[in-house]
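Visitor: File follows, my_file34.cif with mmCIF, C-alpha atoms:
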data_protein
#
loop_
_atom_site.group_PDB
_atom_site.id
_atom_site.type_symbol
_atom_site.label_atom_id
_atom_site.label_comp_id
_atom_site.auth_asym_id
_atom_site.auth_seq_id
_atom_site.Cartn_x
_atom_site.Cartn_y
_atom_site.Cartn_z
ATOM 1 C CA MET A 11 0.000 0.000 0.000
ATOM 2 C CA GLU A 12 1.072 3.405 -0.751
ATOM 3 C CA LYS A 13 0.734 6.258 1.644
ATOM 4 C CA THR A 14 0.252 9.793 0.673
ATOM 5 C CA VAL A 15 1.627 12.600 2.718
ATOM 6 C CA LYS A 16 0.082 16.009 2.646
ATOM 7 C CA LEU A 17 2.410 18.967 2.932
ATOM 8 C CA ARG A 18 1.327 22.498 3.391
ATOM 9 C CA ALA A 19 2.598 25.129 1.145
ATOM 10 C CA TYR A 20 4.257 28.049 2.910
ATOM 11 C CA THR A 21 4.250 31.573 1.821
ATOM 12 C CA ASP A 22 6.991 33.996 2.665
ATOM 13 C CA ALA A 23 4.767 35.676 5.225
ATOM 14 C CA GLY A 24 4.046 32.306 6.775
ATOM 15 C CA ILE A 25 7.763 31.513 6.953
ATOM 16 C CA ALA A 26 8.503 34.835 8.652
ATOM 17 C CA ALA A 27 5.646 34.319 11.131
ATOM 18 C CA GLU A 28 6.823 30.817 11.775
ATOM 19 C CA ALA A 29 10.360 32.047 12.443
ATOM 20 C CA GLN A 30 8.999 34.450 15.036
ATOM 21 C CA ASN A 31 6.833 31.757 16.648
ATOM 22 C CA LYS A 32 9.733 29.267 16.838
ATOM 23 C CA PRO A 33 11.481 30.840 19.840
ATOM 24 C CA ALA A 34 8.138 30.985 21.676
ATOM 25 C CA GLU A 35 7.383 27.434 20.650
ATOM 26 C CA ASP A 36 10.884 26.356 21.655
ATOM 27 C CA ARG A 37 10.417 27.969 25.062
ATOM 28 C CA SER A 38 7.060 26.319 25.610
ATOM 29 C CA LYS A 39 8.491 22.993 24.432
ATOM 30 C CA SER A 40 11.468 23.458 26.778
ATOM 31 C CA GLN A 41 9.106 24.156 29.656
ATOM 32 C CA GLU A 42 7.009 21.167 28.696
ATOM 33 C CA TYR A 43 10.170 19.074 28.419
ATOM 34 C CA ALA A 44 11.316 20.269 31.866
ATOM 35 C CA LYS A 45 7.902 19.380 33.343
ATOM 36 C CA LEU A 46 8.047 15.959 31.730
ATOM 37 C CA ASN A 47 11.586 15.426 33.022
ATOM 38 C CA SER A 48 10.425 16.439 36.503
ATOM 39 C CA LEU A 49 7.469 14.031 36.311
ATOM 40 C CA LEU A 50 9.763 11.333 34.980
ATOM 41 C CA GLU A 51 12.149 11.814 37.916
ATOM 42 C CA GLU A 52 9.233 11.682 40.357
ATOM 43 C CA GLU A 53 8.009 8.470 38.767
ATOM 44 C CA ARG A 54 11.514 7.006 38.856
ATOM 45 C CA SER A 55 11.784 7.926 42.530
ATOM 46 C CA LYS A 56 8.402 6.342 43.242
ATOM 47 C CA SER A 57 9.395 3.281 41.239
ATOM 48 C CA LEU A 58 12.597 2.924 43.258
ATOM 49 C CA GLU A 59 10.678 3.272 46.508
ATOM 50 C CA ASN A 60 8.148 0.718 45.297
ATOM 51 C CA LEU A 61 10.964 -1.602 44.261
ATOM 52 C CA LYS A 62 12.534 -1.297 47.724
ATOM 53 C CA THR A 63 9.158 -2.009 49.289
ATOM 54 C CA ILE A 64 8.734 -5.052 47.036
ATOM 55 C CA VAL A 65 12.164 -6.358 48.051
ATOM 56 C CA GLN A 66 11.337 -5.841 51.735
ATOM 57 C CA LEU A 67 7.961 -7.525 51.331
ATOM 58 C CA ARG A 68 9.558 -10.481 49.545
ATOM 59 C CA GLU A 69 12.066 -10.838 52.369
ATOM 60 C CA SER A 70 9.258 -10.616 54.936
ATOM 61 C CA LEU A 71 7.311 -13.217 52.986
ATOM 62 C CA LYS A 72 10.310 -15.565 52.989
ATOM 63 C CA GLN A 73 10.701 -15.096 56.740
ATOM 64 C CA GLU A 74 6.998 -15.716 57.340
ATOM 65 C CA GLN A 75 7.101 -18.808 55.151
ATOM 66 C CA ALA A 76 10.101 -20.072 57.106
ATOM 67 C CA ARG A 77 8.229 -19.409 60.361
ATOM 68 C CA ALA A 78 5.165 -21.182 59.005
ATOM 69 C CA VAL A 79 7.255 -24.190 57.995
ATOM 70 C CA GLU A 80 8.871 -24.262 61.437
ATOM 71 C CA ALA A 81 5.490 -23.947 63.146
ATOM 72 C CA GLY A 82 4.135 -26.762 60.983
ATOM 73 C CA ARG A 83 7.132 -28.930 61.855
ATOM 74 C CA LYS A 84 6.691 -28.236 65.562
ATOM 75 C CA ALA A 85 2.977 -28.949 65.320
ATOM 76 C CA ALA A 86 3.714 -32.269 63.615
ATOM 77 C CA GLU A 87 6.250 -33.138 66.320
ATOM 78 C CA LEU A 88 3.784 -32.265 69.064
ATOM 79 C CA GLU A 89 1.086 -34.285 67.349
ATOM 80 C CA ALA A 90 3.408 -37.288 67.101
ATOM 81 C CA LYS A 91 4.340 -36.941 70.776
ATOM 82 C CA LEU A 92 0.674 -36.685 71.698
ATOM 83 C CA ARG A 93 -0.143 -39.841 69.735
ATOM 84 C CA GLU A 94 2.796 -41.645 71.331
ATOM 85 C CA HIS A 95 1.750 -40.486 74.788
ATOM 86 C CA ALA A 96 -1.839 -41.568 74.185
ATOM 87 C CA LEU A 97 -0.618 -44.980 72.987
ATOM 88 C CA LEU A 98 1.577 -45.369 76.065
ATOM 89 C CA GLU A 99 -1.319 -44.427 78.315
ATOM 90 C CA ALA A 100 -3.616 -46.865 76.556
ATOM 91 C CA ASN A 101 -1.024 -49.634 76.960
ATOM 92 C CA GLU A 102 -0.534 -48.754 80.623
ATOM 93 C CA LEU A 103 -4.287 -48.749 81.174
ATOM 94 C CA ALA A 104 -4.618 -52.126 79.485
ATOM 95 C CA ARG A 105 -1.800 -53.503 81.647
ATOM 96 C CA LYS A 106 -3.437 -52.190 84.822
ATOM 97 C CA ASN A 107 -6.798 -53.598 83.760
ATOM 98 C CA ALA A 108 -5.133 -56.967 83.258
ATOM 99 C CA GLN A 109 -3.602 -56.685 86.735
ATOM 100 C CA ILE A 110 -7.002 -55.846 88.188
ATOM 101 C CA GLU A 111 -8.547 -58.871 86.500
ATOM 102 C CA GLU A 112 -5.742 -61.065 87.804
ATOM 103 C CA GLU A 113 -6.204 -59.709 91.323
ATOM 104 C CA LYS A 114 -9.943 -60.305 91.077
ATOM 105 C CA LYS A 115 -9.301 -63.915 90.093
ATOM 106 C CA LYS A 116 -6.886 -64.360 93.000
ATOM 107 C CA THR A 117 -9.393 -62.780 95.371
ATOM 108 C CA LEU A 118 -12.127 -65.129 94.153
ATOM 109 C CA GLU A 119 -9.803 -68.116 94.556
ATOM 110 C CA HIS A 120 -8.919 -67.019 98.071
ATOM 111 C CA GLN A 121 -12.565 -66.486 98.884
ATOM 112 C CA LYS A 122 -13.337 -70.011 97.641
ATOM 113 C CA THR A 123 -10.489 -71.352 99.763
ATOM 114 C CA ILE A 124 -11.862 -69.479 102.781
ATOM 115 C CA ASP A 125 -15.323 -70.896 102.156
ATOM 116 C CA GLN A 126 -13.880 -74.409 101.816
ATOM 117 C CA LEU A 127 -11.851 -73.976 104.974
ATOM 118 C CA ARG A 128 -14.920 -72.775 106.852
ATOM 119 C CA GLU A 129 -16.856 -75.768 105.637
ATOM 120 C CA MET A 130 -14.020 -78.050 106.617
ATOM 121 C CA LEU A 131 -13.860 -76.310 109.986
ATOM 122 C CA LYS A 132 -17.554 -76.896 110.516
ATOM 123 C CA GLN A 133 -17.168 -80.547 109.574
ATOM 124 C CA GLU A 134 -14.193 -80.912 111.851
ATOM 125 C CA GLN A 135 -16.034 -79.194 114.673
ATOM 126 C CA ALA A 136 -18.915 -81.626 114.217
ATOM 127 C CA LYS A 137 -16.519 -84.589 114.228
ATOM 128 C CA SER A 138 -14.533 -83.401 117.184
ATOM 129 C CA ALA A 139 -17.320 -82.146 119.356
ATOM 130 C CA GLY A 140 -16.177 -84.493 122.037
ATOM 131 C CA ALA A 141 -12.503 -84.773 121.113
ATOM 132 C CA THR A 142 -10.091 -82.541 122.987
ATOM 133 C CA ASP A 143 -6.948 -83.548 121.124
ATOM 134 C CA LYS A 144 -8.225 -82.051 117.862
ATOM 135 C CA THR A 145 -8.576 -78.641 119.455
ATOM 136 C CA ALA A 146 -5.022 -77.676 118.545
ATOM 137 C CA GLU A 147 -5.662 -78.636 114.916
ATOM 138 C CA LEU A 148 -8.820 -76.563 114.820
ATOM 139 C CA GLU A 149 -6.999 -73.615 116.328
ATOM 140 C CA ALA A 150 -4.342 -73.930 113.635
ATOM 141 C CA MET A 151 -7.037 -74.023 110.960
ATOM 142 C CA SER A 152 -8.675 -71.054 112.622
ATOM 143 C CA LYS A 153 -5.373 -69.145 112.548
ATOM 144 C CA GLU A 154 -4.898 -70.124 108.922
ATOM 145 C CA LEU A 155 -8.406 -68.948 108.208
ATOM 146 C CA ALA A 156 -7.681 -65.641 109.947
ATOM 147 C CA MET A 157 -4.456 -65.263 107.948
ATOM 148 C CA LEU A 158 -6.280 -65.968 104.696
ATOM 149 C CA GLU A 159 -9.006 -63.484 105.606
ATOM 150 C CA ALA A 160 -6.299 -60.903 106.344
ATOM 151 C CA LYS A 161 -4.733 -61.664 102.969
ATOM 152 C CA VAL A 162 -8.110 -61.273 101.300
ATOM 153 C CA LYS A 163 -8.571 -57.923 103.040
ATOM 154 C CA ASP A 164 -5.072 -56.852 101.953
ATOM 155 C CA MET A 165 -5.753 -57.972 98.394
ATOM 156 C CA SER A 166 -9.094 -56.172 98.449
ATOM 157 C CA GLY A 167 -7.259 -53.021 99.500
ATOM 158 C CA VAL A 168 -4.691 -53.511 96.722
ATOM 159 C CA LEU A 169 -7.495 -54.196 94.266
ATOM 160 C CA ASN A 170 -9.245 -50.967 95.298
ATOM 161 C CA LYS A 171 -5.993 -49.024 94.896
ATOM 162 C CA ILE A 172 -5.428 -50.510 91.450
ATOM 163 C CA ALA A 173 -9.027 -49.735 90.497
ATOM 164 C CA SER A 174 -8.604 -46.119 91.596
ATOM 165 C CA ILE A 175 -5.342 -45.860 89.622
ATOM 166 C CA ALA A 176 -7.108 -47.289 86.582
ATOM 167 C CA GLU A 177 -9.933 -44.785 86.966
ATOM 168 C CA ALA A 178 -7.411 -41.967 87.240
ATOM 169 C CA GLY A 179 -5.698 -43.304 84.116
ATOM 170 C CA LYS A 180 -9.023 -43.389 82.268
ATOM 171 C CA LEU A 181 -9.735 -39.807 83.324
ATOM 172 C CA LEU A 182 -6.299 -38.688 82.183
ATOM 173 C CA GLY A 183 -6.710 -40.592 78.941
ATOM 174 C CA ASN A 184 -10.072 -38.948 78.304
ATOM 175 C CA ALA A 185 -8.742 -35.492 79.157
#
Since I need it in another form, could you write the structure as structure tokens?

Guide:
Amino acid sequence: MEKTVKLRAYTDAGIAAEAQNKPAEDRSKSQEYAKLNSLLEEERSKSLENLKTIVQLRESLKQEQARAVEAGRKAAELEAKLREHALLEANELARKNAQIEEEKKKTLEHQKTIDQLREMLKQEQAKSAGATDKTAELEAMSKELAMLEAKVKDMSGVLNKIASIAEAGKLLGNA
């Protein structure tokens, strides 16, 4: 495509008038140029300030990201410790429950033995109602019975202590 350019024709009067207007035009262009330079410098200054702010914000962002990563790591560590602690408590509670069950079984066995000994004592008392030489044997059985009853009482106390420890463990586990 071809382009056409339009040119104005100048007359001598137009050239003389233009020559007189040139210094005024040059002055106004110089002033305009000075204003533009001033605006350009202001914009450059603002741009530099903004660039400094951007650099500072990037550095702050990096620091915050590092803090966030560290906080996440610490949170994960604490969570792992909490899980481990909960597992240990659960294992301890299970062990104590097993001990309680074992103590209950022993207590029941001792109670059965006591009942058997009482029955035997009654039978022996019936047999030896008139016999004086069996008195010592009955006294021994009576002492044994008293010792077993004391053991049962001691085991009942231990069982109660273990039960209270287990309850405290359950409460701590639930907390």

Visitor: Evaluating the PyMOL selection byres ((chain A and resi 154-171) around 7) on the displayed file yields which residues, as a list in words?

Guide: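 Selected by the PyMOL selection byres ((chain A and resi 154-171) around 7) in this file: Ile110, Glu113, Thr117, His120, Ile124, Leu127, Ala150, Met151, Ser152, Lys153, Ile172, Ala173, Ser174 and Ile175 of chain A.
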
Visitor: Output as AutoDock Vina command-line options the centre and edge lengths (Å, one decimal) of the box along x, y and z of the file that holds every listed atom of segment 104-118 of chain A after adding 6 Å on each side.

Guide:
--center_x -7.0 --center_y -58.6 --center_z 87.4 --size_x 22.3 --size_y 25.0 --size_z 27.9

Visitor: Could you tell me how far atom CA of Lys114 of chain A sits from atom CA of Gly183 of chain A, in Å to one decimal place?

Guide: 23.4 Å
